[in-house]
$ cat start.txt   # compact mmCIF, C-alpha atoms
# COMPACT_ATOMS: atom_id res chain seq x y z
CA MET A 19 3.45 92.82 57.31
CA THR A 20 3.95 93.72 60.94
CA THR A 21 5.26 91.58 63.72
CA THR A 22 3.76 91.76 67.17
CA LEU A 23 5.96 90.89 70.13
CA SER A 24 4.40 89.39 73.20
CA PRO A 25 4.99 91.43 76.35
CA PRO A 26 7.17 89.96 79.07
CA GLY A 27 5.34 87.56 81.31
CA THR A 28 2.87 86.50 78.64
CA PRO A 29 1.92 82.85 79.06
CA GLY A 30 3.55 80.62 76.46
CA THR A 31 6.68 82.80 76.08
CA THR A 32 10.19 81.84 77.21
CA ASP A 33 11.47 85.21 78.44
CA GLU A 34 12.41 83.79 81.82
CA PRO A 35 13.59 80.29 82.69
CA VAL A 36 10.98 78.08 84.24
CA ALA A 37 11.94 76.80 87.65
CA PRO A 38 12.08 73.00 87.81
CA SER A 39 9.53 71.21 89.89
CA PRO A 40 10.71 70.33 93.42
CA LEU A 41 9.87 66.70 92.68
CA ALA A 42 11.87 66.62 89.42
CA ARG A 43 15.08 65.58 91.17
CA PHE A 44 13.35 62.50 92.58
CA ARG A 45 11.83 61.39 89.29
CA VAL A 46 14.75 59.27 88.06
CA PRO A 47 15.62 57.68 91.45
CA GLY A 48 11.92 57.00 91.97
CA ALA A 49 11.68 55.29 88.58
CA PHE A 50 14.66 53.06 89.38
CA LEU A 51 13.21 52.23 92.79
CA LEU A 52 9.86 51.35 91.23
CA GLY A 53 11.59 49.16 88.65
CA ALA A 54 13.57 47.38 91.36
CA VAL A 55 10.42 46.72 93.39
CA LEU A 56 8.57 45.34 90.36
CA LEU A 57 11.42 43.15 89.15
CA VAL A 58 12.78 41.89 92.45
CA GLY A 59 9.75 42.05 94.72
CA VAL A 60 6.55 41.72 92.71
CA ALA A 61 7.47 39.55 89.71
CA PRO A 62 8.78 36.53 91.72
CA LEU A 63 5.60 36.58 93.82
CA VAL A 64 3.02 36.74 91.05
CA LEU A 65 4.72 34.73 88.28
CA SER A 66 5.13 30.99 88.07
CA ASP A 67 8.58 29.46 87.64
CA PHE A 68 7.98 29.08 83.90
CA ARG A 69 6.86 32.69 83.45
CA LEU A 70 9.72 33.94 85.60
CA ASN A 71 12.22 32.08 83.40
CA LEU A 72 10.63 33.70 80.35
CA LEU A 73 10.96 37.11 81.99
CA ALA A 74 14.64 36.39 82.70
CA LYS A 75 15.09 35.71 78.99
CA TYR A 76 13.35 38.98 78.10
CA LEU A 77 15.51 40.91 80.57
CA CYS A 78 18.60 39.62 78.77
CA TYR A 79 17.24 41.20 75.59
CA ALA A 80 16.60 44.38 77.57
CA ILE A 81 20.28 44.48 78.58
CA VAL A 82 21.20 44.42 74.90
CA ALA A 83 18.68 47.23 74.33
CA VAL A 84 20.47 49.41 76.89
CA GLY A 85 23.62 49.19 74.77
CA VAL A 86 21.62 49.84 71.60
CA SER A 87 20.17 52.95 73.23
CA LEU A 88 23.71 54.17 73.94
CA ALA A 89 25.16 53.46 70.50
CA TRP A 90 22.14 54.14 68.27
CA GLY A 91 19.85 56.34 70.36
CA ARG A 92 22.55 58.76 71.48
CA GLY A 93 25.37 58.04 69.05
CA GLY A 94 23.43 57.52 65.82
CA LEU A 95 25.21 54.19 65.15
CA LEU A 96 22.74 51.71 63.68
CA VAL A 97 24.21 48.56 65.23
CA LEU A 98 22.73 45.66 63.28
CA GLY A 99 25.39 43.21 64.42
CA GLN A 100 24.82 43.00 68.17
CA GLY A 101 24.29 39.27 67.76
CA VAL A 102 28.07 38.95 67.34
CA PHE A 103 28.80 40.32 70.79
CA PHE A 104 25.80 38.54 72.32
CA GLY A 105 27.15 35.29 70.91
CA LEU A 106 30.73 35.90 72.06
CA GLY A 107 29.58 36.48 75.62
CA GLY A 108 27.20 33.53 75.48
CA TYR A 109 29.73 31.08 74.10
CA ALA A 110 32.36 32.21 76.61
CA MET A 111 29.96 31.42 79.46
CA ALA A 112 28.76 28.19 77.84
CA MET A 113 32.31 26.91 77.35
CA HIS A 114 33.07 27.36 81.04
CA LEU A 115 29.85 25.64 82.09
CA LYS A 116 30.56 22.71 79.76
CA LEU A 117 34.07 22.30 81.13
CA ALA A 118 32.78 22.54 84.70
CA ASP A 119 30.17 19.86 84.02
CA ALA A 120 32.83 17.62 82.47
CA ALA A 121 35.16 18.09 85.46
CA ALA A 122 32.33 17.23 87.86
CA THR A 123 32.00 13.82 86.19
CA GLY A 124 35.74 13.21 85.96
CA GLN A 125 35.95 13.88 82.21
CA THR A 126 38.40 16.11 80.35
CA LEU A 127 36.20 16.75 77.32
CA PRO A 128 32.65 18.11 77.17
CA ASP A 129 29.98 15.58 76.23
CA PHE A 130 29.45 16.86 72.67
CA MET A 131 33.19 16.66 71.92
CA GLN A 132 33.18 13.03 72.97
CA LEU A 133 30.41 12.46 70.45
CA TYR A 134 31.56 14.62 67.53
CA GLY A 135 35.22 15.29 68.29
CA THR A 136 38.05 14.06 66.13
CA SER A 137 40.69 13.88 68.88
CA ASP A 138 41.00 13.17 72.58
CA ALA A 139 42.66 16.51 73.38
CA LEU A 140 40.87 19.64 74.44
CA PRO A 141 41.38 22.48 71.91
CA TRP A 142 43.95 24.98 73.16
CA TRP A 143 41.53 27.89 72.99
CA TRP A 144 39.04 26.03 75.21
CA ALA A 145 41.49 25.38 78.04
CA PRO A 146 41.61 28.89 79.59
CA PHE A 147 37.82 28.94 79.98
CA ALA A 148 38.07 26.29 82.68
CA ASN A 149 39.07 29.14 84.99
CA PRO A 150 35.88 30.85 86.21
CA VAL A 151 37.52 34.25 86.64
CA PHE A 152 38.92 34.18 83.11
CA ALA A 153 35.59 33.02 81.68
CA LEU A 154 33.63 35.74 83.47
CA ALA A 155 36.05 38.40 82.31
CA MET A 156 35.94 37.17 78.70
CA THR A 157 32.15 37.37 78.57
CA VAL A 158 32.52 41.15 78.55
CA LEU A 159 36.12 41.85 77.54
CA LEU A 160 36.14 39.64 74.44
CA PRO A 161 33.13 41.37 72.82
CA MET A 162 34.56 44.75 73.75
CA ALA A 163 37.95 43.86 72.24
CA VAL A 164 36.35 42.73 68.96
CA ALA A 165 34.23 45.89 68.88
CA ALA A 166 37.29 48.05 69.53
CA LEU A 167 39.23 46.42 66.70
CA LEU A 168 36.33 46.74 64.26
CA GLY A 169 35.49 50.26 65.41
CA LEU A 170 39.03 51.53 64.96
CA CYS A 171 39.06 50.24 61.39
CA VAL A 172 35.63 51.64 60.57
CA PHE A 173 35.44 54.97 62.37
CA ARG A 174 38.94 56.07 61.37
CA ARG A 175 37.86 55.71 57.76
CA ARG A 176 34.69 57.68 58.55
CA VAL A 177 32.38 54.86 57.55
CA LYS A 178 28.88 55.60 58.82
CA GLY A 179 25.20 55.38 58.02
CA ALA A 180 23.95 52.46 55.97
CA TYR A 181 27.49 51.29 55.18
CA PHE A 182 28.27 50.83 58.87
CA ALA A 183 24.97 49.00 59.44
CA ILE A 184 25.60 46.61 56.54
CA LEU A 185 29.15 45.93 57.71
CA SER A 186 28.08 45.12 61.24
CA GLN A 187 25.33 42.85 59.92
CA ALA A 188 27.76 41.02 57.66
CA LEU A 189 29.95 40.34 60.69
CA ALA A 190 27.01 38.66 62.44
CA ALA A 191 26.37 36.46 59.41
CA ALA A 192 30.04 35.53 59.18
CA LEU A 193 30.23 34.49 62.83
CA ALA A 194 27.09 32.36 62.58
CA ILE A 195 28.42 30.60 59.47
CA TRP A 196 31.78 29.94 61.13
CA LEU A 197 30.15 28.48 64.24
CA ILE A 198 28.00 26.16 62.14
CA GLY A 199 31.09 24.82 60.38
CA GLN A 200 32.92 24.04 63.64
CA GLN A 201 30.74 21.21 64.89
CA ALA A 202 33.56 19.38 66.65
CA THR A 203 34.53 22.38 68.79
CA THR A 204 31.42 24.59 69.00
CA GLY A 205 28.56 22.13 68.59
CA GLY A 206 27.75 23.37 65.09
CA THR A 207 24.08 24.06 64.40
CA ASN A 208 23.05 22.52 67.73
CA GLY A 209 25.23 24.91 69.68
CA LEU A 210 26.04 24.30 73.34
CA THR A 211 23.25 23.13 75.62
CA ASP A 212 22.32 20.76 78.45
CA PHE A 213 24.14 22.62 81.22
CA GLN A 214 23.96 20.96 84.63
CA GLY A 215 25.48 23.52 86.96
CA PHE A 216 26.16 27.23 87.32
CA PHE A 217 29.23 27.95 89.45
CA GLY A 218 28.44 25.09 91.79
CA TYR A 219 24.65 25.44 91.79
CA ASP A 220 22.31 22.89 90.23
CA LEU A 221 20.39 24.55 87.40
CA ASP A 222 17.61 21.96 87.64
CA ASP A 223 16.66 23.32 91.07
CA PRO A 224 13.88 25.98 90.78
CA VAL A 225 15.44 27.90 93.68
CA ASN A 226 18.68 28.28 91.75
CA GLN A 227 16.76 29.32 88.63
CA ARG A 228 15.22 32.11 90.67
CA MET A 229 18.70 33.09 91.81
CA VAL A 230 19.72 33.39 88.15
CA TYR A 231 16.70 35.62 87.57
CA PHE A 232 17.69 37.90 90.45
CA VAL A 233 21.22 38.17 89.05
CA ILE A 234 19.87 39.17 85.64
CA ALA A 235 17.45 41.73 87.12
CA ALA A 236 20.22 43.26 89.24
CA ALA A 237 22.56 43.42 86.24
CA LEU A 238 19.90 45.22 84.19
CA LEU A 239 19.21 47.80 86.88
CA LEU A 240 22.89 48.49 87.54
CA LEU A 241 23.64 48.81 83.84
CA MET A 242 20.73 51.20 83.35
CA ALA A 243 21.99 53.34 86.24
CA ALA A 244 25.51 53.43 84.79
CA VAL A 245 24.37 54.30 81.28
CA ARG A 246 21.99 56.93 82.65
CA GLN A 247 24.94 58.63 84.34
CA LEU A 248 26.80 58.44 81.05
CA PHE A 249 23.89 60.14 79.27
CA VAL A 250 23.90 63.14 81.59
CA SER A 251 27.69 63.46 81.68
CA ARG A 252 29.90 65.62 79.49
CA TYR A 253 30.58 62.62 77.30
CA GLY A 254 26.84 62.13 76.74
CA GLU A 255 26.52 65.68 75.45
CA LEU A 256 29.57 65.20 73.23
CA LEU A 257 28.11 61.98 71.82
CA ILE A 258 24.91 63.78 70.83
CA ALA A 259 26.97 66.54 69.25
CA VAL A 260 28.91 64.00 67.19
CA ARG A 261 25.66 62.40 66.08
CA ASP A 262 24.13 65.70 64.95
CA THR A 263 27.09 67.78 63.76
CA GLU A 264 30.18 65.62 63.47
CA GLU A 265 32.22 68.10 61.43
CA ARG A 266 31.69 70.91 63.93
CA VAL A 267 32.89 68.67 66.75
CA ARG A 268 36.00 67.86 64.73
CA PHE A 269 36.67 71.57 64.19
CA LEU A 270 36.44 72.09 67.96
CA GLY A 271 39.39 69.75 68.45
CA TYR A 272 37.65 66.51 69.42
CA ASP A 273 38.08 63.25 67.57
CA PRO A 274 34.60 61.94 66.63
CA ALA A 275 36.04 58.48 65.95
CA VAL A 276 37.06 58.10 69.61
CA VAL A 277 33.69 59.34 70.83
CA LYS A 278 31.80 56.86 68.67
CA LEU A 279 34.22 54.08 69.52
CA VAL A 280 33.48 54.39 73.24
CA ALA A 281 29.75 54.08 72.63
CA TYR A 282 30.20 51.14 70.26
CA VAL A 283 32.50 49.28 72.66
CA GLY A 284 30.14 49.96 75.56
CA ALA A 285 27.19 48.57 73.61
CA ALA A 286 29.25 45.48 72.75
CA GLY A 287 30.06 44.93 76.42
CA ALA A 288 26.37 45.15 77.33
CA ALA A 289 25.50 42.60 74.62
CA GLY A 290 28.24 40.25 75.82
CA LEU A 291 26.96 40.48 79.39
CA ALA A 292 23.44 39.72 78.15
CA GLY A 293 24.66 36.69 76.23
CA ALA A 294 26.51 35.36 79.26
CA LEU A 295 23.41 35.67 81.45
CA PHE A 296 21.20 34.23 78.72
CA VAL A 297 23.02 30.89 78.85
CA PRO A 298 22.09 29.82 82.42
CA ALA A 299 18.63 31.39 82.10
CA VAL A 300 17.61 29.61 78.88
CA GLY A 301 20.08 26.73 78.81
CA ILE A 302 21.36 27.05 75.26
CA ILE A 303 23.47 29.18 72.94
CA SER A 304 23.55 28.43 69.22
CA PRO A 305 24.21 30.14 65.87
CA ALA A 306 20.45 30.57 65.42
CA LEU A 307 20.47 33.02 68.35
CA ILE A 308 23.25 35.28 67.08
CA GLY A 309 22.74 35.63 63.33
CA ILE A 310 21.21 38.38 61.23
CA VAL A 311 17.59 37.92 62.31
CA PRO A 312 18.31 38.04 66.08
CA SER A 313 20.57 41.07 65.55
CA ILE A 314 17.74 42.91 63.81
CA GLY A 315 15.41 41.83 66.59
CA PHE A 316 17.61 43.52 69.18
CA VAL A 317 17.36 46.79 67.27
CA ILE A 318 13.61 46.47 66.69
CA GLY A 319 12.93 46.24 70.41
CA ALA A 320 14.85 49.43 71.12
CA ALA A 321 13.29 51.22 68.13
CA VAL A 322 9.72 50.35 69.05
CA GLY A 323 10.11 51.44 72.65
CA GLY A 324 12.25 54.50 71.91
CA ARG A 325 15.95 54.17 71.28
CA ALA A 326 16.83 57.55 72.82
CA SER A 327 15.09 56.66 76.07
CA LEU A 328 16.59 54.05 78.38
CA LEU A 329 13.23 53.10 79.83
CA GLY A 330 11.62 53.10 76.41
CA ALA A 331 14.31 50.86 74.94
CA VAL A 332 14.07 48.40 77.84
CA LEU A 333 10.27 48.21 77.78
CA GLY A 334 10.27 47.96 74.00
CA ALA A 335 12.71 45.05 74.05
CA ILE A 336 10.62 43.21 76.65
CA ALA A 337 7.36 43.90 74.77
CA VAL A 338 8.72 42.77 71.40
CA ALA A 339 10.23 39.62 72.93
CA TRP A 340 6.93 38.85 74.65
CA ALA A 341 5.04 39.41 71.39
CA GLN A 342 7.48 37.18 69.55
CA SER A 343 6.96 34.33 72.01
CA GLY A 344 3.18 34.70 71.91
CA LEU A 345 2.50 35.56 68.28
CA SER A 346 5.09 33.24 66.79
CA ASP A 347 3.11 30.31 68.20
CA ALA A 348 -0.11 31.59 66.64
CA PHE A 349 1.45 32.84 63.38
CA PRO A 350 4.71 30.92 62.89
CA ALA A 351 5.02 31.77 59.20
CA ALA A 352 3.97 35.43 59.41
CA TRP A 353 5.78 36.58 62.57
CA THR A 354 8.99 37.47 60.74
CA TYR A 355 7.05 39.81 58.45
CA LEU A 356 5.26 41.36 61.42
CA GLN A 357 8.62 41.93 63.08
CA GLY A 358 9.95 43.69 60.00
CA LEU A 359 6.77 45.76 59.78
CA LEU A 360 7.25 46.91 63.38
CA PHE A 361 10.73 48.15 62.53
CA VAL A 362 9.56 49.99 59.40
CA VAL A 363 6.66 51.66 61.23
CA ALA A 364 8.82 52.67 64.19
CA VAL A 365 11.61 54.17 62.07
CA GLY A 366 9.43 55.69 59.36
CA PHE A 367 6.47 57.08 61.29
CA LEU A 368 7.53 57.29 64.92
CA PRO A 369 11.34 57.70 65.01
CA GLY A 370 11.30 58.37 68.73
CA GLY A 371 9.42 55.16 69.47
CA LEU A 372 6.52 54.76 71.85
CA ALA A 373 8.42 56.75 74.47
CA SER A 374 8.00 59.88 72.33
CA LEU A 375 4.29 59.41 71.70
CA VAL A 376 3.21 61.60 74.60
CA SER A 377 5.57 64.43 73.65
CA VAL A 378 4.45 64.24 70.02
CA VAL A 379 0.80 64.57 71.02
CA ARG A 380 1.58 67.44 73.38
CA GLY A 381 3.58 69.21 70.70
CA ARG A 382 0.76 68.99 68.19
CA ARG A 383 -1.73 70.31 70.73
CA ALA A 384 0.58 73.19 71.61
CA ARG A 385 1.01 74.12 67.93
CA THR A 386 -2.74 73.98 67.46
CA ARG A 387 -3.33 76.35 70.37
CA THR A 388 -0.61 78.83 69.37
CA THR A 389 -1.33 78.92 65.61
CA PRO A 390 -3.15 82.21 64.82
CA PRO A 391 -6.33 81.99 62.72
CA ALA A 392 -5.95 82.68 59.01
CA PRO A 393 -6.96 86.23 57.94
CA ARG A 394 -10.32 86.46 56.21
CA GLY A 395 -9.39 89.21 53.82
CA GLY A 396 -6.71 87.28 51.94
CA THR A 397 -2.98 86.84 52.47
CA VAL A 398 -0.55 89.57 53.46
$ encode --input "start.txt" --output "structure tokens"
Amino acid sequence: MTTTLSPPGTPGTTDEPVAPSPLARFRVPGAFLLGAVLLVGVAPLVLSDFRLNLLAKYLCYAIVAVGVSLAWGRGGLLVLGQGVFFGLGGYAMAMHLKLADAAATGQTLPDFMQLYGTSDALPWWWAPFANPVFALAMTVLLPMAVAALLGLCVFRRRVKGAYFAILSQALAAALAIWLIGQQATTGGTNGLTDFQGFFGYDLDDPVNQRMVYFVIAAALLLLMAAVRQLFVSRYGELLIAVRDTEERVRFLGYDPAVVKLVAYVGAAGAAGLAGALFVPAVGIISPALIGIVPSIGFVIGAAVGGRASLLGAVLGAIAVAWAQSGLSDAFPAAWTYLQGLLFVVAVGFLPGGLASLVSVVRGRRARTRTTPPAPRGGTV
């Protein structure tokens, strides 16, 4: 059997590097600019107040998907417990809003504590959340602190794969069960709801609801820009190396546990931020929104759109949330199975999500064009 080498300059070979397109450097800034125009300029003009509030809810899920893209798409960490961090951020914000509403009416206890509480004193761990600065900081720092503590225990012991996914999911179930059992201090199954104000603004005013939407849209765009810079940085390359060849990275002198911990903590912070913004946008936070099923839903959105692509993860999260709102009304009993089927199909048959569909088709066409025809006289 002889091997024929293509001469230099033959089309389809990679003898010389291909010069990037002059417009390539403007592709990412242009995409962010287009996203900002659509979210901030077009959506408020064409959508009703109800639809805009729904979009704000979906954008909160997209913020979680950005963190999932960092931890799972680039780091290979299947985070099935993002509901924990979403809930911590949401409850931190909700506790401050409840205390602010109580103070506005001259009360010391939130309304649900007056109904279900067993004492006239505010629990000691509620008191600091009356400070708006402390509450805002805790919406992000508290989830990150919990993720750091859990990550140090897990990654140092080199727990990964399915074991890490099951552990993170068990944490979400444990938090939901604990919240349900603390009805006097967390609202129990009902959660915290019926918020009147948001840092001095009346949430019943449609103008203020639009302001909340703009805050959520800005937070999503800024977070995407920050994570995008992280992807193209030296740390982003190291995170991919840890995902693919962890032992080689360890032999080079890096600690893979620290690399994975940064991604996990960052994803937790994004989920906490999303939970905090979800509260004024939707008006409720409860154990039903942070358990196992919602945690899986966060991952499904990123998987369907493309967990390794920021834009794919964001669009996938919005699309899955929109489908859930629409199809769950038409098929209330079957939607959960459809959601699970989406996850199985995305992971099993299209691991790169819908964002990789174009590249997959192009790759197959390229292989078809470059595959030589089979010899007619038999095999060599």
$ residues_around --input "start.txt" --residues "range 313-319 of chain A" --least-positions-apart "2" --cutoff "9 Å" --atoms "all atoms listed in the file" --output "mmCIF file with C-alpha atoms, keeping the file's coordinate frame"
data_model
loop_
_atom_site.group_PDB
_atom_site.id
_atom_site.type_symbol
_atom_site.label_atom_id
_atom_site.label_comp_id
_atom_site.auth_asym_id
_atom_site.auth_seq_id
_atom_site.Cartn_x
_atom_site.Cartn_y
_atom_site.Cartn_z
ATOM 1 C CA TYR A 79 17.240 41.200 75.590
ATOM 2 C CA ALA A 80 16.600 44.380 77.570
ATOM 3 C CA VAL A 82 21.200 44.420 74.900
ATOM 4 C CA ALA A 83 18.680 47.230 74.330
ATOM 5 C CA VAL A 86 21.620 49.840 71.600
ATOM 6 C CA TRP A 90 22.140 54.140 68.270
ATOM 7 C CA LEU A 96 22.740 51.710 63.680
ATOM 8 C CA VAL A 97 24.210 48.560 65.230
ATOM 9 C CA LEU A 98 22.730 45.660 63.280
ATOM 10 C CA GLY A 99 25.390 43.210 64.420
ATOM 11 C CA GLN A 100 24.820 43.000 68.170
ATOM 12 C CA GLY A 101 24.290 39.270 67.760
ATOM 13 C CA VAL A 102 28.070 38.950 67.340
ATOM 14 C CA PHE A 104 25.800 38.540 72.320
ATOM 15 C CA GLN A 187 25.330 42.850 59.920
ATOM 16 C CA ALA A 190 27.010 38.660 62.440
ATOM 17 C CA LEU A 307 20.470 33.020 68.350
ATOM 18 C CA ILE A 308 23.250 35.280 67.080
ATOM 19 C CA GLY A 309 22.740 35.630 63.330
ATOM 20 C CA ILE A 310 21.210 38.380 61.230
ATOM 21 C CA VAL A 311 17.590 37.920 62.310
ATOM 22 C CA ALA A 321 13.290 51.220 68.130
ATOM 23 C CA VAL A 322 9.720 50.350 69.050
ATOM 24 C CA GLY A 323 10.110 51.440 72.650
ATOM 25 C CA GLY A 324 12.250 54.500 71.910
ATOM 26 C CA ARG A 325 15.950 54.170 71.280
ATOM 27 C CA ALA A 331 14.310 50.860 74.940
ATOM 28 C CA VAL A 332 14.070 48.400 77.840
ATOM 29 C CA LEU A 333 10.270 48.210 77.780
ATOM 30 C CA GLY A 334 10.270 47.960 74.000
ATOM 31 C CA ALA A 335 12.710 45.050 74.050
ATOM 32 C CA ILE A 336 10.620 43.210 76.650
ATOM 33 C CA ALA A 337 7.360 43.900 74.770
ATOM 34 C CA VAL A 338 8.720 42.770 71.400
ATOM 35 C CA ALA A 339 10.230 39.620 72.930
ATOM 36 C CA GLN A 357 8.620 41.930 63.080
ATOM 37 C CA GLY A 358 9.950 43.690 60.000
ATOM 38 C CA LEU A 360 7.250 46.910 63.380
ATOM 39 C CA PHE A 361 10.730 48.150 62.530
ATOM 40 C CA ALA A 364 8.820 52.670 64.190
#
$ atom_distance --input "start.txt" --atom1 "CA of Met242 in chain A" --atom2 "CA of Val225 in chain A"
26.0 Å
$ atom_distance --input "start.txt" --atom1 "CA of Gln247 in chain A" --atom2 "CA of Val58 in chain A"
22.2 Å
$ atom_distance --input "start.txt" --atom1 "CA of Asp212 in chain A" --atom2 "CA of Gln132 in chain A"
14.4 Å
$ closest_residue --input "start.txt" --among "A:Gly124, A:Gly85, A:Leu295, A:Ala202" --to "Asp138 in chain A" --atoms "only C-alpha atoms"
A:Ala202
$ closest_residue --input "start.txt" --among "A:Ala192, A:Val250, A:Phe103, A:Gly301" --to "Gln214 in chain A" --atoms "all atoms listed in the file"
A:Gly301
$ closest_residue --input "start.txt" --among "A:Gly254, A:Gly205, A:Gly287, A:Pro141" --to "Val164 in chain A" --atoms "only C-alpha atoms"
A:Gly287
$ residues_around --input "start.txt" --residues "Lys75 in chain A" --least-positions-apart "5" --cutoff "7 Å" --atoms "only C-alpha atoms" --output "list in words"
Phe296, Ala299 and Val300 of chain A
